[in-house]
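This is final.cif (mmCIF, C-alpha atoms and all ligand atoms).
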data_upload
loop_
_atom_site.label_atom_id
_atom_site.label_comp_id
_atom_site.auth_asym_id
_atom_site.auth_seq_id
_atom_site.Cartn_x
_atom_site.Cartn_y
_atom_site.Cartn_z
CA MET A 1 0.00 0.00 0.00
CA ILE A 2 2.84 2.36 0.85
CA ASP A 3 4.17 1.76 -2.70
CA THR A 4 1.10 2.99 -4.50
CA LEU A 5 -0.90 5.32 -2.24
CA TYR A 6 1.70 7.19 -0.21
CA PRO A 7 4.11 9.90 -1.38
CA LEU A 8 7.29 8.69 -3.06
CA THR A 9 9.45 9.58 -0.04
CA ALA A 10 7.26 7.63 2.41
CA SER A 11 9.11 5.13 4.58
CA ILE A 12 8.30 3.12 7.67
CA GLU A 13 10.83 3.44 10.51
CA ALA A 14 10.10 1.26 13.54
CA GLY A 15 6.50 1.03 12.42
CA ARG A 16 6.10 4.82 12.10
CA LEU A 17 5.35 6.71 8.92
CA HIS A 18 8.03 9.15 7.75
CA LEU A 19 7.46 11.58 4.88
CA GLY A 20 10.22 13.61 3.25
CA GLY A 21 12.52 12.22 5.91
CA ILE A 22 10.38 13.38 8.87
CA ASP A 23 8.39 11.33 11.38
CA CYS A 24 4.68 12.15 10.97
CA GLU A 25 4.21 12.14 14.76
CA THR A 26 6.81 14.94 14.92
CA LEU A 27 4.88 16.88 12.26
CA ALA A 28 1.62 16.44 14.15
CA GLU A 29 3.15 17.56 17.45
CA ARG A 30 4.80 20.59 15.84
CA PHE A 31 1.97 21.82 13.60
CA GLY A 32 -1.15 20.28 15.20
CA THR A 33 -3.92 18.28 13.59
CA PRO A 34 -5.75 18.02 11.27
CA LEU A 35 -2.74 18.72 9.07
CA TYR A 36 -2.29 18.54 5.31
CA VAL A 37 1.23 17.29 4.52
CA TYR A 38 2.58 17.63 0.96
CA ASP A 39 5.71 15.91 -0.30
CA ALA A 40 7.64 18.17 -2.67
CA ALA A 41 9.47 15.27 -4.35
CA THR A 42 6.25 13.51 -5.35
CA LEU A 43 4.78 16.67 -6.83
CA ALA A 44 7.98 17.34 -8.76
CA ALA A 45 8.10 13.77 -10.11
CA GLN A 46 4.48 13.82 -11.25
CA ALA A 47 4.98 17.21 -12.90
CA GLU A 48 8.09 15.97 -14.69
CA ALA A 49 6.19 12.91 -15.95
CA TYR A 50 3.92 15.31 -17.87
CA ARG A 51 6.46 17.99 -18.68
CA GLY A 52 8.94 15.76 -20.49
CA PRO A 53 6.74 14.20 -23.22
CA LEU A 54 4.92 17.48 -23.90
CA ALA A 55 8.01 19.68 -24.00
CA ALA A 56 9.52 17.27 -26.55
CA VAL A 57 6.88 18.39 -29.08
CA GLY A 58 6.66 22.05 -28.00
CA GLY A 59 3.63 21.44 -25.79
CA ARG A 60 3.11 22.28 -22.13
CA ALA A 61 1.51 20.87 -19.00
CA ILE A 62 -0.53 23.43 -17.09
CA PHE A 63 -1.31 22.69 -13.42
CA ALA A 64 -5.03 22.98 -12.63
CA ALA A 65 -5.00 25.25 -9.58
CA LYS A 66 -8.49 24.11 -8.60
CA ALA A 67 -6.94 20.83 -7.44
CA ASN A 68 -4.85 22.68 -4.87
CA SER A 69 -4.68 26.46 -4.85
CA SER A 70 -2.46 27.00 -1.80
CA VAL A 71 0.29 29.38 -2.84
CA GLY A 72 2.99 27.05 -1.50
CA VAL A 73 1.78 24.21 -3.73
CA LEU A 74 1.48 26.56 -6.72
CA ARG A 75 5.08 27.66 -6.11
CA ALA A 76 6.16 24.02 -6.16
CA ALA A 77 4.21 23.45 -9.41
CA ARG A 78 5.93 26.46 -10.95
CA ALA A 79 9.34 25.27 -9.79
CA ALA A 80 8.55 21.94 -11.45
CA GLY A 81 8.10 23.69 -14.81
CA LEU A 82 4.32 23.66 -15.09
CA GLY A 83 2.12 26.46 -16.39
CA ILE A 84 -1.10 27.28 -14.56
CA ASP A 85 -4.84 26.84 -15.18
CA VAL A 86 -6.87 29.31 -13.13
CA ALA A 87 -10.63 29.60 -12.79
CA SER A 88 -11.31 32.84 -10.93
CA ALA A 89 -9.89 36.21 -9.97
CA GLY A 90 -8.88 34.53 -6.69
CA GLU A 91 -6.92 31.75 -8.41
CA ILE A 92 -5.28 34.37 -10.65
CA ALA A 93 -4.17 36.25 -7.53
CA ALA A 94 -2.83 33.02 -5.97
CA ALA A 95 -0.92 32.24 -9.18
CA VAL A 96 0.61 35.72 -9.20
CA ALA A 97 1.56 35.31 -5.52
CA ALA A 98 3.27 32.03 -6.47
CA GLY A 99 5.34 33.83 -9.09
CA PHE A 100 3.54 32.83 -12.30
CA ALA A 101 3.62 35.34 -15.14
CA GLY A 102 0.27 36.17 -16.75
CA SER A 103 1.54 34.68 -20.01
CA GLU A 104 1.71 31.26 -18.30
CA MET A 105 -1.98 31.37 -17.31
CA VAL A 106 -4.93 29.70 -18.99
CA VAL A 107 -8.13 31.22 -17.60
CA HIS A 108 -11.22 29.02 -17.19
CA GLY A 109 -14.70 29.18 -15.74
CA ASN A 110 -18.14 28.44 -17.12
CA ALA A 111 -19.68 31.64 -15.75
CA LYS A 112 -16.84 34.10 -15.48
CA GLY A 113 -17.72 37.47 -14.01
CA ASP A 114 -16.33 40.80 -15.14
CA ASP A 115 -14.07 40.62 -12.06
CA ASP A 116 -12.55 37.37 -13.38
CA LEU A 117 -12.19 38.69 -16.93
CA THR A 118 -10.73 41.98 -15.71
CA ALA A 119 -8.22 40.12 -13.53
CA ALA A 120 -7.23 38.07 -16.60
CA LEU A 121 -6.69 41.27 -18.60
CA ASP A 122 -4.80 42.92 -15.74
CA VAL A 123 -2.22 40.11 -15.64
CA GLY A 124 -2.06 39.73 -19.43
CA ALA A 125 -3.29 36.12 -19.30
CA GLY A 126 -1.78 33.92 -22.01
CA LEU A 127 -5.12 32.37 -22.96
CA VAL A 128 -8.73 32.84 -21.91
CA VAL A 129 -10.99 29.88 -22.59
CA LEU A 130 -14.38 31.07 -23.84
CA ASP A 131 -17.31 29.15 -22.44
CA ALA A 132 -20.28 31.07 -23.89
CA ARG A 133 -21.11 33.61 -26.58
CA GLU A 134 -22.07 36.32 -24.05
CA GLU A 135 -18.70 35.85 -22.38
CA ALA A 136 -16.96 36.34 -25.74
CA GLU A 137 -18.88 39.58 -26.20
CA ARG A 138 -18.08 40.85 -22.69
CA LEU A 139 -14.40 39.93 -22.98
CA GLY A 140 -14.21 41.52 -26.45
CA ALA A 141 -15.72 44.76 -25.09
CA LEU A 142 -13.30 44.80 -22.12
CA ALA A 143 -10.35 44.19 -24.46
CA ARG A 144 -11.42 46.91 -26.91
CA ALA A 145 -11.81 49.37 -24.04
CA ARG A 146 -8.10 48.77 -23.26
CA SER A 147 -7.09 48.65 -26.95
CA VAL A 148 -5.64 45.17 -26.52
CA GLU A 149 -6.25 41.83 -28.21
CA VAL A 150 -6.80 38.78 -26.00
CA ALA A 151 -5.75 35.31 -27.16
CA VAL A 152 -8.63 32.88 -26.65
CA LEU A 153 -9.55 29.23 -26.99
CA ILE A 154 -13.15 28.07 -27.36
CA ARG A 155 -14.26 25.21 -25.12
CA VAL A 156 -16.13 22.60 -27.13
CA THR A 157 -18.29 19.77 -25.79
CA PRO A 158 -17.71 16.87 -28.19
CA ASP A 159 -20.23 14.56 -26.53
CA ILE A 160 -17.67 11.98 -25.51
CA GLY A 161 -18.57 10.17 -22.28
CA VAL A 162 -16.02 9.07 -19.69
CA ASP A 163 -16.18 6.37 -17.05
CA THR A 164 -16.21 8.41 -13.86
CA HIS A 165 -18.58 9.84 -11.26
CA GLU A 166 -21.42 11.73 -12.96
CA LYS A 167 -20.62 14.87 -10.95
CA VAL A 168 -17.21 15.17 -12.61
CA GLN A 169 -18.23 14.38 -16.21
CA THR A 170 -18.08 17.50 -18.37
CA GLY A 171 -17.72 16.68 -22.10
CA HIS A 172 -21.14 15.15 -22.78
CA ALA A 173 -23.96 16.79 -24.78
CA GLY A 174 -26.04 18.80 -22.35
CA SER A 175 -23.07 19.69 -20.14
CA LYS A 176 -23.07 23.11 -18.48
CA PHE A 177 -19.51 23.54 -19.74
CA GLY A 178 -18.45 24.78 -23.15
CA LEU A 179 -20.33 25.11 -26.40
CA GLU A 180 -21.77 22.46 -28.67
CA PRO A 181 -20.01 22.02 -32.04
CA ASP A 182 -22.40 24.13 -34.15
CA ALA A 183 -22.22 26.98 -31.64
CA VAL A 184 -18.41 26.77 -31.71
CA ALA A 185 -18.41 26.97 -35.52
CA ALA A 186 -20.74 29.99 -35.36
CA LEU A 187 -18.60 31.75 -32.74
CA ILE A 188 -15.44 31.12 -34.78
CA SER A 189 -17.03 32.81 -37.79
CA GLU A 190 -18.24 35.84 -35.79
CA LEU A 191 -15.61 36.27 -33.10
CA PRO A 192 -15.96 39.71 -31.47
CA ALA A 193 -13.23 42.25 -32.20
CA GLY A 194 -10.61 42.39 -29.46
CA LEU A 195 -10.27 38.59 -29.39
CA LYS A 196 -7.84 36.50 -31.39
CA LEU A 197 -8.64 32.84 -31.67
CA ARG A 198 -5.76 30.45 -31.03
CA GLY A 199 -7.61 27.13 -30.93
CA LEU A 200 -9.92 24.75 -29.09
CA HIS A 201 -10.24 23.44 -25.54
CA VAL A 202 -11.79 20.16 -24.40
CA HIS A 203 -12.10 18.79 -20.87
CA LEU A 204 -14.05 15.55 -20.64
CA GLY A 205 -14.04 14.89 -16.92
CA SER A 206 -11.97 14.03 -13.88
CA GLN A 207 -10.67 10.83 -12.22
CA VAL A 208 -10.50 9.04 -15.58
CA VAL A 209 -8.05 6.16 -15.46
CA ASP A 210 -6.98 5.78 -19.11
CA SER A 211 -6.19 7.86 -22.18
CA VAL A 212 -8.83 6.33 -24.48
CA PRO A 213 -11.46 9.10 -24.19
CA LEU A 214 -8.95 11.94 -24.64
CA ARG A 215 -7.36 10.20 -27.58
CA SER A 216 -10.79 10.06 -29.20
CA ALA A 217 -11.26 13.73 -28.31
CA ALA A 218 -8.05 14.50 -30.24
CA GLY A 219 -9.45 12.64 -33.26
CA TRP A 220 -12.80 14.35 -32.86
CA CYS A 221 -11.18 17.82 -32.77
CA ALA A 222 -9.07 17.11 -35.88
CA ALA A 223 -12.16 15.93 -37.80
CA PHE A 224 -14.19 18.91 -36.57
CA CYS A 225 -11.50 21.39 -37.61
CA GLN A 226 -11.23 19.80 -41.05
CA ARG A 227 -15.04 19.88 -41.45
CA ILE A 228 -15.35 23.58 -40.63
CA GLY A 229 -12.11 24.58 -42.38
CA TYR A 230 -10.37 25.81 -39.23
CA ARG A 231 -6.63 25.41 -38.49
CA PRO A 232 -6.00 25.73 -34.74
CA SER A 233 -2.56 26.66 -33.51
CA VAL A 234 -3.35 25.36 -29.98
CA LEU A 235 -5.27 22.31 -28.77
CA ASP A 236 -5.84 22.13 -25.02
CA LEU A 237 -7.08 18.68 -23.97
CA GLY A 238 -7.80 19.66 -20.36
CA GLY A 239 -7.04 17.50 -17.34
CA GLY A 240 -8.65 14.43 -15.89
CA LEU A 241 -6.18 11.61 -15.29
CA GLY A 242 -7.18 9.67 -12.19
CA VAL A 243 -5.20 8.26 -9.27
CA ALA A 244 -5.48 5.25 -6.96
CA TYR A 245 -7.23 6.08 -3.68
CA VAL A 246 -7.42 2.63 -2.07
CA PRO A 247 -5.41 -0.59 -2.55
CA GLY A 248 -6.45 -2.31 -5.77
CA ASP A 249 -7.39 0.90 -7.64
CA ASP A 250 -5.75 1.50 -11.03
CA ALA A 251 -2.74 3.80 -10.69
CA PRO A 252 -2.25 5.27 -14.17
CA ASP A 253 1.20 6.52 -15.21
CA PRO A 254 1.16 10.24 -16.24
CA CYS A 255 4.22 9.84 -18.47
CA ARG A 256 2.65 7.05 -20.54
CA TYR A 257 -0.60 8.99 -20.59
CA ALA A 258 1.02 12.23 -21.82
CA THR A 259 3.01 10.28 -24.43
CA ALA A 260 -0.20 8.62 -25.67
CA LEU A 261 -1.91 12.00 -26.00
CA VAL A 262 1.02 13.49 -27.91
CA GLU A 263 0.97 10.56 -30.34
CA ALA A 264 -2.82 10.74 -30.73
CA VAL A 265 -2.77 14.46 -31.56
CA LEU A 266 0.07 14.11 -34.09
CA ALA A 267 -1.63 11.16 -35.79
CA ALA A 268 -5.14 12.67 -35.78
CA PHE A 269 -4.15 16.02 -37.28
CA ALA A 270 -1.84 14.41 -39.85
CA SER A 271 -4.60 12.08 -40.97
CA HIS A 272 -6.91 15.06 -41.52
CA GLY A 273 -4.29 16.95 -43.51
CA LEU A 274 -3.77 19.56 -40.79
CA ALA A 275 -0.60 20.80 -39.10
CA ALA A 276 -0.42 19.57 -35.50
CA PRO A 277 -1.40 22.32 -33.04
CA GLN A 278 0.61 23.03 -29.90
CA LEU A 279 -0.71 20.57 -27.29
CA LEU A 280 -1.60 21.73 -23.79
CA VAL A 281 -2.89 19.51 -20.99
CA GLU A 282 -4.17 20.64 -17.59
CA PRO A 283 -3.56 17.93 -14.98
CA GLY A 284 -4.57 18.67 -11.41
CA ARG A 285 -5.31 15.55 -9.38
CA SER A 286 -2.61 13.38 -10.96
CA VAL A 287 0.07 15.97 -10.09
CA VAL A 288 -0.78 16.57 -6.47
CA ALA A 289 -3.18 13.92 -5.05
CA ARG A 290 -0.57 11.35 -4.08
CA ALA A 291 1.82 14.04 -2.86
CA GLY A 292 -0.58 14.76 0.02
CA VAL A 293 -1.71 13.01 3.19
CA THR A 294 -3.89 14.29 6.03
CA LEU A 295 -2.99 13.65 9.67
CA TYR A 296 -5.71 13.48 12.33
CA ARG A 297 -5.85 12.63 16.05
CA VAL A 298 -8.25 9.97 17.23
CA ARG A 299 -10.75 11.48 19.66
CA THR A 300 -12.94 8.53 20.66
CA VAL A 301 -13.47 4.84 19.97
CA LYS A 302 -17.12 3.87 20.40
CA GLU A 303 -18.83 0.52 19.93
CA THR A 304 -22.46 0.33 18.82
CA SER A 305 -25.05 -2.40 19.25
CA ALA A 306 -25.35 -2.59 15.46
CA GLY A 307 -21.78 -3.88 15.29
CA THR A 308 -20.02 -0.77 13.98
CA THR A 309 -17.12 0.50 16.07
CA TRP A 310 -16.60 4.20 15.38
CA VAL A 311 -13.17 5.76 15.52
CA THR A 312 -13.73 9.51 15.51
CA VAL A 313 -11.05 11.99 14.50
CA ASP A 314 -10.55 15.74 14.87
CA GLY A 315 -11.39 16.58 11.23
CA GLY A 316 -13.56 15.12 8.49
CA LEU A 317 -16.19 16.53 6.17
CA ALA A 318 -14.90 20.11 6.26
CA ASP A 319 -11.32 19.22 5.28
CA ASN A 320 -12.35 16.29 3.04
CA PRO A 321 -15.70 16.83 1.31
CA ARG A 322 -15.01 14.17 -1.34
CA VAL A 323 -16.68 11.32 0.56
CA ALA A 324 -19.94 13.25 0.88
CA LEU A 325 -19.74 14.63 -2.68
CA TYR A 326 -18.71 11.54 -4.63
CA GLY A 327 -18.82 8.58 -2.24
CA ALA A 328 -15.01 8.61 -2.50
CA ARG A 329 -13.14 5.83 -0.69
CA TYR A 330 -9.99 6.20 1.44
CA ALA A 331 -7.67 3.90 3.34
CA PRO A 332 -6.90 5.45 6.76
CA ALA A 333 -4.16 3.89 8.87
CA ILE A 334 -2.57 4.44 12.29
CA ALA A 335 0.59 6.36 11.38
CA THR A 336 2.63 5.14 14.36
CA ARG A 337 1.73 1.42 14.11
CA LEU A 338 1.78 0.82 10.37
CA LEU A 339 3.16 -2.69 10.67
CA ALA A 340 1.01 -3.84 13.61
CA PRO A 341 -1.55 -6.54 12.80
CA PRO A 342 -5.18 -5.32 12.67
CA THR A 343 -7.36 -6.17 15.64
CA GLY A 344 -10.66 -5.60 13.89
CA THR A 345 -12.61 -3.62 11.35
CA PHE A 346 -13.56 -0.05 12.16
CA ALA A 347 -15.45 2.90 10.71
CA VAL A 348 -13.61 6.23 10.80
CA ALA A 349 -15.84 9.25 11.30
CA GLY A 350 -15.27 12.99 11.46
CA ARG A 351 -16.36 15.52 14.08
CA HIS A 352 -19.01 17.35 12.04
CA CYS A 353 -22.74 17.35 12.69
CA GLU A 354 -23.67 15.13 9.76
CA SER A 355 -24.12 11.37 9.78
CA GLY A 356 -22.47 11.39 6.34
CA ASP A 357 -19.23 12.71 7.83
CA VAL A 358 -17.43 9.38 7.51
CA LEU A 359 -13.90 9.00 6.13
CA ALA A 360 -14.06 5.21 5.75
CA THR A 361 -16.84 2.77 6.51
CA SER A 362 -14.78 -0.37 6.98
CA VAL A 363 -11.06 -0.39 7.55
CA ALA A 364 -8.81 -2.85 9.37
CA LEU A 365 -6.85 -1.08 12.14
CA PRO A 366 -4.55 -2.20 14.99
CA ASP A 367 -6.40 -1.46 18.24
CA PRO A 368 -7.11 2.26 17.64
CA ARG A 369 -7.14 4.40 20.79
CA SER A 370 -7.84 7.98 21.75
CA GLY A 371 -4.76 10.11 20.92
CA ASP A 372 -3.51 7.86 18.10
CA LEU A 373 -2.35 9.54 14.93
CA VAL A 374 -4.43 8.61 11.87
CA VAL A 375 -3.06 9.17 8.37
CA VAL A 376 -5.28 9.31 5.30
CA PRO A 377 -3.24 9.07 2.08
CA VAL A 378 -4.01 10.56 -1.35
CA THR A 379 -5.48 13.78 -0.03
CA GLY A 380 -3.40 16.33 -1.96
CA ALA A 381 -6.04 17.18 -4.57
CA TYR A 382 -9.49 18.71 -4.04
CA HIS A 383 -9.15 18.63 -0.25
CA GLN A 384 -7.52 21.87 0.89
CA SER A 385 -8.99 23.70 -2.11
CA MET A 386 -12.50 22.42 -1.36
CA ALA A 387 -12.32 22.72 2.43
CA SER A 388 -15.07 24.55 4.29
CA THR A 389 -15.49 25.98 7.77
CA TYR A 390 -18.61 23.96 8.60
CA ASN A 391 -19.37 23.97 12.33
CA LEU A 392 -16.85 26.83 12.52
CA PHE A 393 -13.87 24.57 12.85
CA GLY A 394 -10.89 26.47 11.46
CA ARG A 395 -9.41 25.00 8.30
CA PRO A 396 -6.23 22.93 8.79
CA ALA A 397 -2.65 24.08 8.41
CA ALA A 398 -0.57 22.70 5.53
CA VAL A 399 3.12 21.86 5.40
CA LEU A 400 5.47 20.99 2.56
CA VAL A 401 8.14 18.42 3.44
CA GLU A 402 11.42 18.04 1.60
CA ASN A 403 14.83 16.59 2.50
CA GLY A 404 14.12 16.31 6.20
CA GLU A 405 12.61 19.80 6.52
CA ALA A 406 8.99 20.85 6.95
CA ARG A 407 7.81 24.31 5.91
CA GLU A 408 4.39 25.57 6.94
CA ILE A 409 2.74 26.86 3.74
CA THR A 410 -0.74 27.53 5.13
CA ARG A 411 -1.33 28.50 8.74
CA ARG A 412 -4.22 27.01 10.70
CA GLU A 413 -7.39 29.14 10.61
CA SER A 414 -8.10 30.64 14.02
CA VAL A 415 -11.44 31.46 15.64
CA GLU A 416 -10.58 35.15 15.06
CA ASP A 417 -10.11 34.39 11.34
CA LEU A 418 -13.46 32.65 11.32
CA LEU A 419 -15.30 35.61 12.83
CA SER A 420 -13.38 38.31 11.00
CA ARG A 421 -15.87 38.60 8.12
CA ASP A 422 -18.99 38.92 10.26
CA LEU A 423 -20.01 42.58 10.64
C1 LIG B 1 -11.06 22.82 -17.35
C2 LIG B 1 -10.39 21.89 -16.40
N1 LIG B 1 -9.09 21.63 -16.59
C3 LIG B 1 -8.43 20.81 -15.76
C4 LIG B 1 -9.06 20.21 -14.69
C5 LIG B 1 -8.26 19.33 -13.78
O1 LIG B 1 -8.75 18.03 -13.79
P1 LIG B 1 -7.99 16.88 -12.97
O2 LIG B 1 -7.75 17.40 -11.62
O3 LIG B 1 -8.94 15.76 -13.01
O4 LIG B 1 -6.73 16.59 -13.71
C6 LIG B 1 -10.42 20.45 -14.47
C7 LIG B 1 -11.12 19.81 -13.34
O5 LIG B 1 -12.26 19.89 -13.14
C8 LIG B 1 -11.10 21.33 -15.34
O6 LIG B 1 -12.39 21.61 -15.17
#
So, in terms of structure tokens, how does the structure I just supplied come out?
Ligand SMILES: Cc1ncc(COP(=O)(O)O)c(C=O)c1O
Amino acid sequence: MIDTLYPLTASIEAGRLHLGGIDCETLAERFGTPLYVYDAATLAAQAEAYRGPLAAVGGRAIFAAKANSSVGVLRAARAAGLGIDVASAGEIAAAVAAGFAGSEMVVHGNAKGDDDLTAALDVGAGLVVLDAREEAERLGALARARSVEVAVLIRVTPDIGVDTHEKVQTGHAGSKFGLEPDAVAALISELPAGLKLRGLHVHLGSQVVDSVPLRSAAGWCAAFCQRIGYRPSVLDLGGGLGVAYVPGDDAPDPCRYATALVEAVLAAFASHGLAAPQLLVEPGRSVVARAGVTLYRVRTVKETSAGTTWVTVDGGLADNPRVALYGARYAPAIATRLLAPPTGTFAVAGRHCESGDVLATSVALPDPRSGDLVVVPVTGAYHQSMASTYNLFGRPAAVLVENGEAREITRRESVEDLLSRDL
């Protein structure tokens, strides 16, 4: 399990989990719990797995900031050579704080406000992805008012389904995202002044474990461009590669995936008599999910007459909404007794006032007790960025570990922080 679910630097020393060369119990004592811990080496390796094959053909991997928008993680993504996909004025500000230049930004959002579009113009965003005709008109007007031209892609929904949770499918007909093919063709022929079209964008969905759907999207885009007589200079195939969350899940390899996409784009455009566009991809989860774990303290262990024994921890739904949102599964463990034999099967619950606040319904653990340190692996993506303050528990701190050192990149939210917006 440690080989597939935990960060690459994970090791077990005398039964205790170490990450980046540091004992997790030491991290918990120093920074408190719940605590997001990110391993810089894992993030860098995942980024490099994408960067290499794309750079070889003049393409680029763009980190989807929605997966983890903490500035410390964005800095690490930038250091690893990735560009940045941002979906709001807030994510643009975080990317700037992390050192990204506007030219490295691809700006998304299916209902961008003027604040988002203005922020994109202010930083000189490299590409804005148009999601609707009204948005094209508003962006064109904002650009003309500044006497600039904005490079844009148009997001198309090719009606290609993917095998994933319905809440993270996006490329099907009827999706709220993007424009259907005829509307894309119409917008291309009447693009508002102030915008210069660079190409197309497709994002089919998230937590998809193979390259088959995106390879067909590449073929679909080439055929569509040939049909409407359009020669794109950029094709952005979005993100979506999945990760293993529990033992036995598929653990796709980003390098093989990126290589397969490069080959598919080259072949598809050649077979339609078109020059290959520059290929962009926007991975989020597959860059950062496995780099992260969450540490919790056990609060109580409680048996019930129905047979479930609840192990409750000092976090839950607010720092990990994915169980409630998608029925996601996790494999919690006791971080200080990783090699001890299990003494039974337990359910691990959070501290929030919802019966659905459960991190795992059935997991084998070695005699869990109050005060034990629980680790939940594969929590680097869509945890911190989706965290809430439900029940007014402050959001966790986050640390980045590397070469035996831990750096706090997000401080824990205090009660004063929580009340500071109430007037
Ligand atoms: C437009 C776009 N690009 C990239 C991503 C990142 O997807 P993933 O984290 O699955 O790689 C998403 C996720 O929803 C997205 O909507």
Need the neighbours of (-10.1, 4.3, 3.7): which residues are at most 10 Å away, counting all atoms listed in the file, as a PDB file with C-alpha atoms, in the frame of the given file?
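The resulting file, part-v4.pdb, is reproduced below:
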ATOM      1  CA  TYR A 245      -7.230   6.080  -3.680  1.00  0.00           C
ATOM      2  CA  VAL A 246      -7.420   2.630  -2.070  1.00  0.00           C
ATOM      3  CA  PRO A 247      -5.410  -0.590  -2.550  1.00  0.00           C
ATOM      4  CA  ALA A 328     -15.010   8.610  -2.500  1.00  0.00           C
ATOM      5  CA  ARG A 329     -13.140   5.830  -0.690  1.00  0.00           C
ATOM      6  CA  TYR A 330      -9.990   6.200   1.440  1.00  0.00           C
ATOM      7  CA  ALA A 331      -7.670   3.900   3.340  1.00  0.00           C
ATOM      8  CA  PRO A 332      -6.900   5.450   6.760  1.00  0.00           C
ATOM      9  CA  ALA A 333      -4.160   3.890   8.870  1.00  0.00           C
ATOM     10  CA  ALA A 347     -15.450   2.900  10.710  1.00  0.00           C
ATOM     11  CA  VAL A 348     -13.610   6.230  10.800  1.00  0.00           C
ATOM     12  CA  VAL A 358     -17.430   9.380   7.510  1.00  0.00           C
ATOM     13  CA  LEU A 359     -13.900   9.000   6.130  1.00  0.00           C
ATOM     14  CA  ALA A 360     -14.060   5.210   5.750  1.00  0.00           C
ATOM     15  CA  THR A 361     -16.840   2.770   6.510  1.00  0.00           C
ATOM     16  CA  SER A 362     -14.780  -0.370   6.980  1.00  0.00           C
ATOM     17  CA  VAL A 363     -11.060  -0.390   7.550  1.00  0.00           C
ATOM     18  CA  ALA A 364      -8.810  -2.850   9.370  1.00  0.00           C
ATOM     19  CA  VAL A 375      -3.060   9.170   8.370  1.00  0.00           C
ATOM     20  CA  VAL A 376      -5.280   9.310   5.300  1.00  0.00           C
ATOM     21  CA  PRO A 377      -3.240   9.070   2.080  1.00  0.00           C
TER      22      PRO A 377
END
Q. For Arg256 in chain A, which residue out of A:Ser70, A:Ser189, A:Ser211, A:Thr379 is the nearest one, using all atoms listed in the file?
A. A:Ser211
(Q) At a cut-off of 8 Å, using only C-alpha atoms, what residues contact range 74-81 of chain A? Leave out same-chain residues fewer than 4 positions from it and give the result as JSON, numbers by chain. (A) {"A": [40, 43, 44, 47, 48, 51, 63, 65, 68, 69, 70, 94, 95, 98, 99, 100]}
Same residues, C-alpha atoms, output as an mmCIF file, in the coordinates of the input:
data_model
loop_
_atom_site.group_PDB
_atom_site.id
_atom_site.type_symbol
_atom_site.label_atom_id
_atom_site.label_comp_id
_atom_site.auth_asym_id
_atom_site.auth_seq_id
_atom_site.Cartn_x
_atom_site.Cartn_y
_atom_site.Cartn_z
ATOM 1 C CA ALA A 40 7.640 18.170 -2.670
ATOM 2 C CA LEU A 43 4.780 16.670 -6.830
ATOM 3 C CA ALA A 44 7.980 17.340 -8.760
ATOM 4 C CA ALA A 47 4.980 17.210 -12.900
ATOM 5 C CA GLU A 48 8.090 15.970 -14.690
ATOM 6 C CA ARG A 51 6.460 17.990 -18.680
ATOM 7 C CA PHE A 63 -1.310 22.690 -13.420
ATOM 8 C CA ALA A 65 -5.000 25.250 -9.580
ATOM 9 C CA ASN A 68 -4.850 22.680 -4.870
ATOM 10 C CA SER A 69 -4.680 26.460 -4.850
ATOM 11 C CA SER A 70 -2.460 27.000 -1.800
ATOM 12 C CA ALA A 94 -2.830 33.020 -5.970
ATOM 13 C CA ALA A 95 -0.920 32.240 -9.180
ATOM 14 C CA ALA A 98 3.270 32.030 -6.470
ATOM 15 C CA GLY A 99 5.340 33.830 -9.090
ATOM 16 C CA PHE A 100 3.540 32.830 -12.300
#
To check your reading of the model: which residues sit at most 8 Å from ligand LIG 1 (chain B) when counting only C-alpha atoms and all ligand atoms? Write the answer as a short mmCIF file (atom, residue, chain, number, x, y, z; two decimals) with C-alpha atoms, keeping the file's coordinate frame.
data_model
loop_
_atom_site.label_atom_id
_atom_site.label_comp_id
_atom_site.auth_asym_id
_atom_site.auth_seq_id
_atom_site.Cartn_x
_atom_site.Cartn_y
_atom_site.Cartn_z
CA PHE A 63 -1.31 22.69 -13.42
CA ALA A 64 -5.03 22.98 -12.63
CA ALA A 65 -5.00 25.25 -9.58
CA LYS A 66 -8.49 24.11 -8.60
CA ALA A 67 -6.94 20.83 -7.44
CA ASP A 85 -4.84 26.84 -15.18
CA HIS A 108 -11.22 29.02 -17.19
CA GLY A 109 -14.70 29.18 -15.74
CA VAL A 168 -17.21 15.17 -12.61
CA THR A 170 -18.08 17.50 -18.37
CA VAL A 202 -11.79 20.16 -24.40
CA HIS A 203 -12.10 18.79 -20.87
CA GLY A 205 -14.04 14.89 -16.92
CA SER A 206 -11.97 14.03 -13.88
CA GLN A 207 -10.67 10.83 -12.22
CA VAL A 208 -10.50 9.04 -15.58
CA GLY A 238 -7.80 19.66 -20.36
CA GLY A 239 -7.04 17.50 -17.34
CA GLY A 240 -8.65 14.43 -15.89
CA LEU A 241 -6.18 11.61 -15.29
CA GLY A 242 -7.18 9.67 -12.19
CA VAL A 281 -2.89 19.51 -20.99
CA GLU A 282 -4.17 20.64 -17.59
CA PRO A 283 -3.56 17.93 -14.98
CA GLY A 284 -4.57 18.67 -11.41
CA ARG A 285 -5.31 15.55 -9.38
CA SER A 286 -2.61 13.38 -10.96
CA VAL A 287 0.07 15.97 -10.09
CA ALA A 381 -6.04 17.18 -4.57
CA TYR A 382 -9.49 18.71 -4.04
#
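Between CA of Arg133 in chain A and CA of Phe224 in chain A the separation is 19.1 Å.
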Q: Could you tell me how far CA of Ala291 in chain A lies from CA of Ile22 in chain A, in Å and to one decimal?
A: 14.5 Å
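Going from CA of Asp159 in chain A to CA of Leu237 in chain A covers 14.0 Å.
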